[in-house]
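Novice: My structure file entry-v5.txt, compact mmCIF, C-alpha atoms, is below:
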```
# COMPACT_ATOMS: atom_id res chain seq x y z
CA MET A 1 -6.21 -38.59 2.79
CA SER A 2 -4.98 -41.87 1.43
CA GLU A 3 -1.41 -42.68 0.52
CA HIS A 4 -0.38 -42.93 -3.11
CA LYS A 5 2.00 -45.43 -4.61
CA ILE A 6 4.67 -43.42 -6.42
CA THR A 7 7.16 -44.88 -8.88
CA LEU A 8 10.03 -42.77 -10.17
CA THR A 9 13.08 -43.51 -12.27
CA VAL A 10 15.82 -42.02 -10.13
CA ASN A 11 19.27 -41.85 -11.73
CA GLY A 12 18.25 -44.61 -14.14
CA ARG A 13 16.86 -46.93 -11.46
CA GLU A 14 13.16 -47.52 -10.91
CA MET A 15 12.21 -46.80 -7.30
CA SER A 16 8.83 -46.92 -5.58
CA GLY A 17 7.34 -45.85 -2.30
CA TYR A 18 4.17 -44.66 -0.65
CA ALA A 19 3.39 -41.10 0.38
CA GLU A 20 0.51 -38.78 1.09
CA ALA A 21 -0.25 -36.30 -1.69
CA ARG A 22 1.15 -33.44 0.43
CA VAL A 23 4.68 -34.91 0.52
CA THR A 24 6.99 -32.86 -1.68
CA LEU A 25 9.30 -34.54 -4.16
CA VAL A 26 12.38 -33.58 -2.12
CA ASP A 27 10.94 -35.09 1.07
CA PHE A 28 10.00 -38.23 -0.84
CA LEU A 29 13.48 -38.57 -2.36
CA ARG A 30 15.17 -38.12 1.01
CA ASP A 31 12.82 -39.72 3.53
CA VAL A 32 11.17 -42.49 1.52
CA LEU A 33 13.79 -43.37 -1.10
CA GLY A 34 16.82 -42.57 1.05
CA GLN A 35 18.41 -40.35 -1.62
CA THR A 36 19.77 -37.70 0.70
CA GLY A 37 22.09 -35.95 -1.75
CA THR A 38 19.38 -33.42 -2.58
CA HIS A 39 19.22 -30.77 0.14
CA ILE A 40 16.17 -29.02 1.53
CA GLY A 41 16.71 -25.32 2.08
CA CYS A 42 13.87 -22.86 2.23
CA GLU A 43 11.05 -25.26 1.28
CA HIS A 44 9.22 -22.56 -0.63
CA GLY A 45 11.06 -22.15 -3.88
CA VAL A 46 13.50 -19.38 -3.08
CA CYS A 47 16.92 -20.94 -2.48
CA GLY A 48 17.33 -23.58 -5.20
CA ALA A 49 19.18 -26.06 -2.92
CA CYS A 50 16.67 -28.81 -3.78
CA SER A 51 17.10 -28.55 -7.58
CA VAL A 52 16.82 -31.88 -9.42
CA VAL A 53 16.51 -32.77 -13.09
CA LEU A 54 12.95 -33.75 -14.07
CA ASP A 55 12.66 -35.28 -17.56
CA GLY A 56 15.84 -33.50 -18.61
CA LYS A 57 15.09 -30.08 -17.13
CA PRO A 58 16.15 -28.52 -13.82
CA VAL A 59 13.26 -27.94 -11.42
CA ARG A 60 12.84 -27.30 -7.71
CA SER A 61 11.85 -30.48 -5.93
CA CYS A 62 10.23 -28.55 -3.05
CA LEU A 63 7.83 -27.00 -5.58
CA MET A 64 6.35 -30.28 -6.71
CA TYR A 65 4.46 -32.95 -4.82
CA ALA A 66 5.97 -36.41 -5.22
CA VAL A 67 2.67 -37.76 -6.52
CA MET A 68 2.90 -35.27 -9.42
CA ALA A 69 6.25 -36.81 -10.42
CA ASP A 70 4.85 -40.38 -10.51
CA GLY A 71 6.05 -42.04 -13.72
CA HIS A 72 8.71 -39.42 -14.45
CA GLU A 73 12.50 -39.50 -14.62
CA ILE A 74 14.58 -37.74 -12.00
CA THR A 75 18.31 -37.13 -11.86
CA THR A 76 19.69 -36.08 -8.49
CA VAL A 77 23.23 -35.09 -7.56
CA GLU A 78 23.92 -38.79 -6.88
CA GLY A 79 23.35 -39.40 -10.59
CA LEU A 80 26.18 -37.13 -11.71
CA GLU A 81 29.02 -39.43 -10.58
CA GLY A 82 30.75 -41.83 -12.95
CA PRO A 83 30.20 -45.62 -13.05
CA GLU A 84 32.95 -46.26 -10.47
CA GLY A 85 31.69 -43.53 -8.17
CA GLU A 86 34.29 -41.05 -9.42
CA LEU A 87 33.48 -37.35 -9.53
CA SER A 88 32.11 -35.99 -12.82
CA PRO A 89 34.33 -33.39 -14.57
CA LEU A 90 31.99 -30.68 -13.22
CA GLN A 91 32.15 -32.02 -9.67
CA ASP A 92 35.90 -32.29 -9.98
CA ALA A 93 36.08 -28.65 -11.12
CA PHE A 94 33.99 -27.60 -8.08
CA TRP A 95 36.57 -29.35 -5.89
CA GLU A 96 39.51 -27.92 -7.82
CA ASN A 97 38.19 -24.34 -7.60
CA HIS A 98 36.94 -24.55 -4.04
CA ALA A 99 33.46 -23.71 -5.33
CA MET A 100 31.87 -24.48 -1.97
CA GLN A 101 32.40 -23.76 1.65
CA CYS A 102 29.59 -25.13 3.79
CA GLY A 103 28.33 -27.22 0.85
CA TYR A 104 24.64 -26.70 1.50
CA CYS A 105 23.88 -25.18 -1.90
CA THR A 106 26.26 -27.49 -3.78
CA PRO A 107 23.82 -30.21 -4.95
CA GLY A 108 21.52 -27.52 -6.38
CA MET A 109 24.43 -25.62 -7.93
CA LEU A 110 25.70 -28.83 -9.54
CA ILE A 111 22.26 -29.66 -10.97
CA ALA A 112 21.79 -26.11 -12.32
CA THR A 113 25.23 -25.99 -13.95
CA HIS A 114 25.17 -29.61 -15.14
CA THR A 115 21.96 -28.96 -17.10
CA LEU A 116 23.38 -25.66 -18.38
CA LEU A 117 26.45 -27.45 -19.81
CA GLN A 118 24.28 -30.13 -21.37
CA GLU A 119 22.28 -27.51 -23.25
CA ASN A 120 25.13 -25.09 -23.84
CA PRO A 121 28.67 -26.52 -23.55
CA TYR A 122 30.21 -23.10 -24.22
CA PRO A 123 28.46 -20.69 -21.85
CA ASP A 124 29.86 -17.23 -21.27
CA GLU A 125 30.03 -15.76 -17.78
CA ALA A 126 26.65 -14.02 -18.09
CA GLU A 127 25.00 -17.28 -19.13
CA ILE A 128 26.56 -19.11 -16.19
CA ARG A 129 25.37 -16.44 -13.76
CA GLU A 130 21.90 -16.56 -15.33
CA ALA A 131 21.82 -20.36 -14.91
CA ILE A 132 22.63 -20.13 -11.19
CA GLY A 133 20.40 -17.07 -10.72
CA GLY A 134 17.86 -19.21 -8.89
CA ASN A 135 20.39 -20.79 -6.52
CA LEU A 136 21.52 -18.99 -3.39
CA CYS A 137 25.02 -19.46 -1.95
CA ARG A 138 25.91 -17.59 1.25
CA CYS A 139 29.60 -18.60 1.36
CA THR A 140 31.42 -18.30 -1.92
CA GLY A 141 30.21 -15.04 -3.41
CA TYR A 142 29.58 -17.20 -6.51
CA GLN A 143 32.93 -16.37 -8.11
CA GLN A 144 34.51 -19.81 -7.60
CA ILE A 145 31.32 -21.51 -8.79
CA VAL A 146 31.45 -19.51 -12.02
CA GLU A 147 35.14 -20.40 -12.36
CA ALA A 148 34.42 -24.10 -11.84
CA VAL A 149 31.85 -24.05 -14.63
CA GLN A 150 34.24 -22.13 -16.88
CA MET A 151 36.98 -24.70 -16.21
CA THR A 152 34.60 -27.55 -17.05
CA ALA A 153 33.49 -25.81 -20.25
CA LYS A 154 37.13 -25.34 -21.23
CA LYS A 155 37.81 -29.03 -20.65
CA ILE A 156 34.79 -29.97 -22.78
CA ARG A 157 36.06 -27.67 -25.55
CA GLU A 158 39.56 -29.14 -25.42
CA ALA A 159 38.26 -32.71 -25.42
CA SER A 160 36.04 -32.18 -28.48
CA MET B 1 6.46 -25.49 6.13
CA LYS B 2 4.48 -28.58 5.17
CA ALA B 3 1.13 -28.41 3.39
CA ALA B 4 -2.01 -29.49 5.20
CA PRO B 5 -3.45 -32.81 3.95
CA PHE B 6 -5.46 -32.75 0.73
CA ASP B 7 -6.91 -35.12 -1.84
CA TYR B 8 -5.27 -35.43 -5.23
CA VAL B 9 -6.59 -36.42 -8.63
CA ARG B 10 -4.76 -36.49 -11.95
CA VAL B 11 -6.98 -35.78 -14.95
CA SER B 12 -6.30 -36.30 -18.66
CA SER B 13 -8.82 -33.99 -20.37
CA ILE B 14 -10.36 -30.54 -19.91
CA ASP B 15 -13.78 -32.15 -19.43
CA GLU B 16 -12.43 -34.31 -16.61
CA ALA B 17 -10.83 -31.26 -15.00
CA CYS B 18 -14.10 -29.30 -15.21
CA GLN B 19 -16.08 -32.22 -13.76
CA ALA B 20 -13.60 -32.55 -10.88
CA LEU B 21 -13.86 -28.80 -10.23
CA ALA B 22 -17.67 -28.97 -10.28
CA ASP B 23 -17.67 -31.95 -7.89
CA GLY B 24 -14.94 -30.54 -5.66
CA GLY B 25 -16.73 -27.31 -4.78
CA GLU B 26 -14.97 -24.14 -3.66
CA ASP B 27 -12.09 -25.94 -1.96
CA ALA B 28 -10.89 -27.63 -5.16
CA ARG B 29 -7.97 -26.08 -7.01
CA VAL B 30 -6.34 -26.83 -10.34
CA ILE B 31 -2.59 -27.40 -10.19
CA ALA B 32 -0.14 -27.37 -13.10
CA GLY B 33 3.22 -25.74 -12.39
CA GLY B 34 2.37 -25.03 -8.76
CA GLN B 35 5.25 -22.57 -8.49
CA THR B 36 3.15 -20.19 -6.37
CA LEU B 37 0.40 -22.48 -5.13
CA ILE B 38 2.83 -24.96 -3.53
CA PRO B 39 4.69 -22.29 -1.49
CA LEU B 40 1.33 -20.81 -0.45
CA MET B 41 0.25 -24.28 0.67
CA ALA B 42 3.56 -24.84 2.48
CA MET B 43 2.96 -21.63 4.43
CA ARG B 44 -0.70 -22.65 4.80
CA LEU B 45 -1.86 -19.42 3.24
CA ALA B 46 -3.73 -21.68 0.84
CA ARG B 47 -5.43 -24.85 2.03
CA PRO B 48 -7.30 -26.56 -0.80
CA ALA B 49 -9.10 -29.80 0.03
CA LEU B 50 -8.57 -31.20 -3.47
CA LEU B 51 -5.85 -30.64 -6.04
CA ILE B 52 -6.70 -31.41 -9.67
CA ASP B 53 -3.46 -32.08 -11.56
CA ILE B 54 -3.75 -31.02 -15.21
CA ASN B 55 -0.14 -31.73 -16.19
CA ASP B 56 -1.21 -34.74 -18.30
CA VAL B 57 -3.90 -32.82 -20.22
CA LYS B 58 -2.33 -32.66 -23.69
CA GLU B 59 -5.07 -30.42 -25.14
CA LEU B 60 -4.00 -27.73 -22.64
CA SER B 61 -0.51 -27.41 -24.07
CA GLY B 62 0.71 -25.67 -27.20
CA ILE B 63 1.23 -22.40 -29.05
CA ALA B 64 -0.39 -21.58 -32.40
CA VAL B 65 -1.32 -18.63 -34.60
CA ASP B 66 -5.04 -18.19 -35.26
CA SER B 67 -5.38 -15.42 -37.88
CA ASP B 68 -4.48 -12.20 -36.00
CA HIS B 69 -4.09 -13.81 -32.58
CA LEU B 70 -1.44 -15.93 -30.94
CA VAL B 71 -3.14 -18.65 -28.92
CA ILE B 72 -1.25 -20.05 -25.95
CA LYS B 73 -2.85 -22.99 -24.16
CA ALA B 74 -3.04 -22.61 -20.40
CA ARG B 75 -0.65 -25.38 -19.35
CA THR B 76 2.12 -24.37 -21.76
CA ARG B 77 5.30 -24.01 -19.73
CA GLN B 78 6.82 -20.54 -19.41
CA ALA B 79 10.19 -21.95 -20.54
CA ASP B 80 8.67 -23.40 -23.73
CA THR B 81 6.87 -20.12 -24.40
CA LEU B 82 10.09 -18.13 -23.93
CA SER B 83 12.02 -20.38 -26.34
CA SER B 84 9.18 -20.54 -28.90
CA GLU B 85 10.16 -19.08 -32.27
CA ILE B 86 6.51 -18.20 -32.97
CA VAL B 87 6.35 -16.14 -29.76
CA GLN B 88 9.67 -14.44 -30.50
CA GLU B 89 8.49 -13.52 -33.99
CA LYS B 90 4.84 -12.61 -33.38
CA LEU B 91 4.90 -11.43 -29.78
CA PRO B 92 8.42 -10.21 -28.97
CA LEU B 93 7.05 -8.14 -26.07
CA LEU B 94 5.89 -11.33 -24.34
CA ALA B 95 9.19 -13.08 -25.05
CA ASP B 96 11.09 -10.16 -23.51
CA ALA B 97 8.80 -10.11 -20.47
CA LEU B 98 9.12 -13.89 -19.98
CA SER B 99 12.88 -13.64 -19.56
CA HIS B 100 12.11 -11.72 -16.33
CA VAL B 101 9.70 -14.36 -14.98
CA GLY B 102 11.26 -16.36 -12.15
CA HIS B 103 14.30 -18.52 -12.86
CA THR B 104 15.09 -21.37 -15.23
CA GLN B 105 13.94 -23.90 -12.63
CA THR B 106 10.59 -22.20 -12.03
CA ARG B 107 10.00 -21.42 -15.73
CA ASN B 108 10.45 -25.14 -16.49
CA ARG B 109 7.37 -25.89 -14.36
CA GLY B 110 5.45 -22.62 -14.26
CA THR B 111 2.76 -22.15 -16.90
CA VAL B 112 1.32 -19.19 -18.81
CA GLY B 113 -2.23 -19.91 -17.60
CA GLY B 114 -1.04 -20.42 -14.04
CA SER B 115 0.55 -17.00 -13.96
CA LEU B 116 -2.67 -15.43 -15.29
CA VAL B 117 -4.96 -17.06 -12.73
CA ASN B 118 -2.47 -16.39 -9.94
CA ALA B 119 -2.62 -12.65 -10.79
CA ASP B 120 0.37 -11.59 -8.73
CA PRO B 121 0.53 -7.75 -8.69
CA SER B 122 4.10 -7.78 -10.01
CA ALA B 123 3.77 -10.64 -12.51
CA GLU B 124 4.90 -10.03 -16.07
CA ILE B 125 2.53 -12.35 -18.00
CA PRO B 126 -0.67 -10.70 -16.64
CA LEU B 127 0.93 -7.34 -17.45
CA ILE B 128 1.43 -8.26 -21.10
CA ALA B 129 -2.13 -9.68 -21.27
CA GLN B 130 -3.40 -6.36 -19.92
CA THR B 131 -1.13 -4.23 -22.16
CA LEU B 132 -2.19 -5.90 -25.39
CA GLY B 133 -5.81 -6.61 -24.38
CA ALA B 134 -5.59 -10.40 -24.48
CA ILE B 135 -8.70 -12.57 -24.44
CA ILE B 136 -8.87 -15.32 -21.83
CA VAL B 137 -10.90 -18.47 -22.41
CA ALA B 138 -12.33 -20.42 -19.47
CA ARG B 139 -14.40 -23.57 -19.35
CA SER B 140 -16.61 -25.23 -16.78
CA THR B 141 -19.34 -27.89 -16.87
CA ARG B 142 -21.66 -24.92 -17.48
CA GLY B 143 -19.93 -24.10 -20.76
CA GLU B 144 -17.18 -21.94 -22.18
CA ARG B 145 -16.78 -18.18 -21.97
CA THR B 146 -14.26 -15.57 -23.04
CA ILE B 147 -13.10 -12.81 -20.74
CA ALA B 148 -11.23 -9.68 -21.84
CA ALA B 149 -8.03 -9.14 -19.82
CA GLY B 150 -9.50 -5.82 -18.66
CA ASP B 151 -12.37 -7.70 -16.99
CA PHE B 152 -10.26 -10.61 -15.74
CA PHE B 153 -7.83 -9.11 -13.23
CA ASP B 154 -9.72 -8.07 -10.14
CA SER B 155 -7.12 -7.09 -7.55
CA ALA B 156 -3.99 -8.61 -5.99
CA MET B 157 -4.03 -12.42 -6.45
CA SER B 158 -7.67 -12.27 -7.47
CA THR B 159 -9.47 -12.73 -10.78
CA THR B 160 -13.08 -12.89 -11.94
CA LEU B 161 -12.74 -16.60 -12.75
CA ALA B 162 -15.48 -18.61 -11.00
CA PRO B 163 -14.37 -21.39 -8.60
CA ASP B 164 -15.59 -24.09 -11.01
CA GLU B 165 -13.89 -22.63 -14.08
CA CYS B 166 -10.65 -23.82 -15.64
CA LEU B 167 -8.65 -21.37 -17.75
CA THR B 168 -7.97 -23.14 -21.05
CA GLU B 169 -6.19 -20.65 -23.30
CA VAL B 170 -5.22 -17.04 -23.82
CA HIS B 171 -5.37 -15.16 -27.14
CA PHE B 172 -2.84 -12.35 -27.59
CA PRO B 173 -3.51 -9.93 -30.48
CA ILE B 174 -0.73 -9.94 -33.08
CA TRP B 175 0.14 -6.48 -34.40
CA SER B 176 1.42 -5.89 -37.89
CA PRO B 177 5.22 -5.81 -37.48
CA GLU B 178 5.63 -2.82 -39.81
CA ASN B 179 6.75 0.32 -37.94
CA THR B 180 6.00 -1.43 -34.67
CA GLY B 181 8.21 -1.49 -31.61
CA PHE B 182 7.93 -2.52 -28.01
CA GLY B 183 9.50 -1.68 -24.68
CA PHE B 184 9.67 -3.49 -21.36
CA HIS B 185 11.27 -2.21 -18.18
CA GLU B 186 11.24 -3.37 -14.61
CA VAL B 187 13.03 -2.71 -11.34
CA SER B 188 13.50 -5.48 -8.84
CA ILE B 189 15.89 -5.94 -5.95
CA ARG B 190 17.57 -8.89 -7.69
CA ASP B 191 17.22 -10.17 -11.25
CA SER B 192 14.12 -12.35 -11.55
CA ASP B 193 12.87 -11.31 -8.12
CA PHE B 194 9.38 -9.90 -7.60
CA ALA B 195 9.38 -6.56 -9.36
CA LEU B 196 8.78 -3.28 -7.53
CA ALA B 197 7.50 -1.59 -10.67
CA VAL B 198 7.13 -2.80 -14.25
CA ALA B 199 5.94 -1.24 -17.49
CA ALA B 200 5.27 -2.63 -20.94
CA ALA B 201 4.49 -0.71 -24.11
CA GLN B 202 3.96 -1.37 -27.78
CA THR B 203 3.42 1.16 -30.52
CA THR B 204 2.89 1.40 -34.27
CA LEU B 205 3.87 4.64 -35.99
CA ASP B 206 2.49 5.93 -39.27
CA ALA B 207 4.69 6.86 -42.24
CA GLY B 208 5.18 10.34 -40.78
CA GLY B 209 6.47 8.93 -37.48
CA ASN B 210 3.34 9.73 -35.48
CA VAL B 211 1.54 7.30 -33.20
CA GLN B 212 -1.11 5.27 -34.93
CA LYS B 213 -1.52 2.71 -32.20
CA LEU B 214 -0.17 2.55 -28.64
CA ALA B 215 -0.63 0.15 -25.75
CA VAL B 216 0.91 0.69 -22.34
CA ALA B 217 0.34 -0.81 -18.90
CA ILE B 218 2.12 -0.94 -15.55
CA CYS B 219 2.18 -3.28 -12.58
CA GLY B 220 4.06 -3.79 -9.34
CA ALA B 221 2.97 -0.42 -7.95
CA THR B 222 -0.71 -1.31 -8.39
CA PRO B 223 -2.85 -4.15 -6.96
CA ALA B 224 -3.24 -5.57 -10.46
CA ALA B 225 -1.82 -4.77 -13.89
CA LEU B 226 -3.24 -1.41 -14.94
CA LYS B 227 -3.78 -0.42 -18.57
CA LEU B 228 -3.05 3.28 -18.95
CA THR B 229 -5.93 4.03 -21.32
CA ASP B 230 -5.86 7.81 -20.75
CA ILE B 231 -2.17 8.01 -21.55
CA GLU B 232 -2.63 5.85 -24.66
CA GLU B 233 -5.34 8.21 -25.89
CA ALA B 234 -3.33 11.33 -25.07
CA LEU B 235 -0.37 10.07 -27.11
CA ILE B 236 -2.21 8.98 -30.26
CA GLY B 237 -1.18 11.17 -33.21
CA THR B 238 1.85 12.65 -31.42
CA ASP B 239 5.46 12.12 -32.49
CA LEU B 240 6.26 10.61 -29.05
CA ASN B 241 9.12 12.98 -28.32
CA ASP B 242 10.62 12.69 -24.84
CA ASP B 243 8.82 15.76 -23.50
CA ILE B 244 5.41 14.56 -24.67
CA ILE B 245 6.00 11.16 -23.09
CA LYS B 246 7.10 12.78 -19.84
CA VAL B 247 4.06 15.01 -19.62
CA ALA B 248 1.71 12.13 -20.42
CA CYS B 249 3.33 9.81 -17.87
CA ALA B 250 3.10 12.45 -15.13
CA LYS B 251 -0.61 11.54 -15.02
CA ILE B 252 0.34 8.19 -13.49
CA ASP B 253 0.56 10.02 -10.13
CA ASP B 254 -3.21 10.49 -10.20
CA LEU B 255 -3.97 6.98 -11.38
CA ILE B 256 -2.17 4.88 -8.80
CA ASP B 257 -2.02 4.63 -5.04
CA PRO B 258 1.10 2.56 -4.33
CA GLN B 259 1.50 0.86 -0.96
CA SER B 260 4.63 0.77 1.19
CA ASP B 261 6.10 -2.55 2.17
CA VAL B 262 9.41 -3.95 3.37
CA HIS B 263 10.91 -3.77 -0.14
CA ALA B 264 10.01 -0.21 -1.11
CA ASP B 265 7.96 2.69 0.17
CA ALA B 266 4.96 4.09 -1.66
CA ALA B 267 6.72 7.22 -2.97
CA TYR B 268 9.57 5.19 -4.44
CA ARG B 269 7.25 2.71 -6.14
CA GLY B 270 5.20 5.54 -7.62
CA ARG B 271 8.26 7.33 -8.94
CA VAL B 272 9.75 4.17 -10.41
CA ALA B 273 6.44 3.21 -12.04
CA LYS B 274 6.46 6.53 -13.88
CA VAL B 275 10.06 6.15 -15.02
CA MET B 276 9.46 2.56 -16.17
CA ALA B 277 6.44 3.70 -18.21
CA ARG B 278 8.46 6.50 -19.82
CA ARG B 279 11.30 4.17 -20.72
CA ALA B 280 8.98 1.45 -22.05
CA ILE B 281 7.20 3.96 -24.31
CA SER B 282 10.42 5.53 -25.60
CA ASP B 283 11.93 2.10 -26.31
CA ALA B 284 8.77 1.16 -28.21
CA ARG B 285 9.07 4.39 -30.21
CA ASP B 286 12.74 3.77 -31.01
CA GLY B 287 11.97 0.18 -32.06
CA ALA B 288 9.19 1.38 -34.34
CA LYS B 289 11.36 4.15 -35.78
CA GLY B 290 14.06 1.60 -36.55
CA ASP B 291 11.72 0.33 -39.23
CA LEU B 292 11.10 3.81 -40.63
CA VAL B 293 14.74 4.72 -41.23
```
Output the file's structure as structure tokens, nothing else.

Specialist:
Amino acid sequence: MSEHKITLTVNGREMSGYAEARVTLVDFLRDVLGQTGTHIGCEHGVCGACSVVLDGKPVRSCLMYAVMADGHEITTVEGLEGPEGELSPLQDAFWENHAMQCGYCTPGMLIATHTLLQENPYPDEAEIREAIGGNLCRCTGYQQIVEAVQMTAKKIREAS
Amino acid sequence: MKAAPFDYVRVSSIDEACQALADGGEDARVIAGGQTLIPLMAMRLARPALLIDINDVKELSGIAVDSDHLVIKARTRQADTLSSEIVQEKLPLLADALSHVGHTQTRNRGTVGGSLVNADPSAEIPLIAQTLGAIIVARSTRGERTIAAGDFFDSAMSTTLAPDECLTEVHFPIWSPENTGFGFHEVSIRDSDFALAVAAAQTTLDAGGNVQKLAVAICGATPAALKLTDIEEALIGTDLNDDIIKVACAKIDDLIDPQSDVHADAAYRGRVAKVMARRAISDARDGAKGDLV
């Protein structure tokens, strides 16, 4: 069971490391590349905490082996911040609306809603709830998360 | 929750995949989306010695119309199938069913072929294949063969595919859209969760509003998707009024033997399966009648 050399473009930067084929993408990001923003929850595709963007689309990084992502582009929650490390408008809206309590689901929620807003800048409430349908939160009851996304969408509308 | 060690090979053609399967023996598995296989491996319910990654096989991806069939290549993502205009136009029943498959994140990786070979008892894609009588194409180093959906699904998580075969595409029959409607209903604890009972139906009515053609199948309450051939036959030529549908669907009691589990007991599953079938058929009728008015 040899190790594989795996090269990913993570948040625009090329990063490489070695891992056995059985290492999931989330473990590789955290343990090998040191990108610990992505959280590991259930490790079997139920909770959505480990969501990352793979080639422009949200996926669960516990449901993919790192070796399968070799050569692909990944955006993690670290990639959402601005050039000076400032919060993105969506992250800022999460803060403003208190859309988190323990924060465990937050990276996954941000990835799910960030990709939603990229595809659909004017989502209605049902579309927002559908987009986070695969992400569990045990603290907020989801309401503040929905409100944070609505606030961001409103800001996008006003700015355009 | 970590998979046992395994070997990994990435292939770029169907021939390479078939050769790797032939060389790998019974412990080799094809992986594409991996949305079920990876959790099963994490829980060590599956322990393949070799994974053959077909994500780079371009000839395994795409959707096209071939005369009266819609051909979906095995590795086509569920998300791309759901958003496909061809699927929405030619196979609206499948498009409707796909919106119930998993979540955005899993549909972005999960594939149509993967769902078929996985054969989960509550999975929507196998149900539609069974409802419409899809044809499944599989290849191995021994050659290519076609398998009717009715002969493909064996029991829960089990198909008649041989260990060295790779599913390459699935052909769904396209019905003439005139006076045709479909219905799809499922009950699950949460949206997009594993369904407790599901039913799909499609019907074409004649000019007088009577059934010319009807397809109906259920899953969730059965080990594998079950085509309700007797009920289809009983309803041909009728006007599909609510009473006729109800009487016909009462036969489901004799056809299934639902099991109890932590999510629902056997009696509940059986009752819901019947109601789902009734609703799917009456929606199909209403859709078809919409054309007649």

Novice: Counting all atoms listed in the file, which residue out of A:Pro121, A:Gly48, A:Gly56, A:Gly79 sits closest to Leu136 (chain A)?

Specialist: A:Gly48

Novice: Compile the contact shell of Glu127 (chain A) as number ranges by chain: residues with an atom at most 12 Å away, counting all atoms listed in the file, same-chain residues fewer than 4 positions apart removed.

Specialist: A: 112-113, 116-117, 119-123, 131-133, 146, 149-150; B: 104

Novice: Applying 6 Å and only C-alpha atoms, which residues near region 105-107 of chain A remain after dropping the ones on its own chain fewer than 3 positions away? List them as a VMD selection string.

Specialist: chain A and resid 38 49 77 110 137

Novice: Pull out every residue of chain A sitting within 6 Å of chain B, counting only C-alpha atoms, and send them as a ChimeraX atom specification.

Specialist: /A:1,22,44,58-59,63,134

Novice: CA of Ala264 (chain B) to CA of Ala195 (chain B): how many Å, to one decimal?

Specialist: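 Here the two named atoms are 10.4 Å from each other.
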
Novice: Could you please determine the separation between CA of Ala267 (chain B) and CA of Ile252 (chain B) in Å, to one decimal place?

Specialist: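 CA of Ile252 (chain B) lies 12.3 Å from CA of Ala267 (chain B).
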
Novice: For the point (-10.7, -38.8, -14.7) in the file's frame, write as a list in words all residues with an atom no more than 12 Å away, counting all atoms listed in the file.

Specialist: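 Residues close enough to count: Tyr8, Val9, Arg10, Val11, Ser12, Ser13, Ile14, Asp15, Glu16, Ala17, Cys18, Gln19, Ala20, Leu21, Asp23, Ile52, Asp53, Ile54, Asp56 and Val57 of chain B.
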
Novice: So that I can check the surroundings of His72 (chain A), please list as a PyMOL selection string every protein, DNA and RNA residue that reaches within 10 Å of it, counting all atoms listed in the file and ignoring chain neighbours fewer than 6 positions away.

Specialist: chain A and resi 6-10+14+54-55

Novice: What lies within 10 Å of Ser83 (chain B) using all atoms listed in the file, ignoring chain neighbours under 3 positions off, as a PyMOL selection string?

Specialist: chain B and resi 78-80+86-88+95+98-99

Novice: In Å, rounded to a single decimal, give me how far CA of Ala66 (chain A) is from CA of Val32 (chain A).

Specialist: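 Between CA of Val32 (chain A) and CA of Ala66 (chain A) the gap is 10.5 Å.
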
Novice: Pick out the residues sitting within 12 Å of Val262 (chain B), and hand them over as a ChimeraX atom specification; count only C-alpha atoms, and ignore anything fewer than 5 positions along from it in its own chain.

Specialist: /B:189,196,269

Novice: Would you mind telling me which residue in B:Pro48, B:Gly62, B:Gly237, B:Pro223 lies nearest to Glu169 (chain B) when using all atoms listed in the file?

Specialist: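 The closest residue to Glu169 (chain B) is B:Gly62.
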
Novice: Give the answer as one residue: which of A:Ala93, A:Ser16, A:Gly108, A:Gly82 has the shortest atom-to-atom distance to Ser61 (chain A), using all atoms listed in the file?

Specialist: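 Nearest to Ser61 (chain A): A:Gly108.
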
Novice: With distances taken over all atoms listed in the file, which of A:Asp92, A:Glu84, A:Glu78, A:Glu147 is nearest to Val52 (chain A)?

Specialist: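 That would be A:Glu78, the residue with the smallest distance to Val52 (chain A).
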
Novice: Measuring atom to atom with all atoms listed in the file, identify which of B:Ile147, B:Ala280, B:Ala119, B:Ile135 is nearest to His185 (chain B).

Specialist: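 Going through B:Ile147, B:Ala280, B:Ala119, B:Ile135 one by one, the smallest distance to His185 (chain B) is for B:Ala280.
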
Novice: For the point (2.4, -2.1, -34.5) in file coordinates, what residues are within 9 Å, counting only C-alpha atoms? Give the answer as a VMD selection string?

Specialist: chain B and resid 174 to 182 202 to 205 212 to 214 288

Novice: I'd like to know which of B:Ala199, B:Ile236, B:Ala266, B:Leu226 is closest to Gly183 (chain B), using all atoms listed in the file.

Specialist: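 Closest to Gly183 (chain B) of all the choices is B:Ala199.
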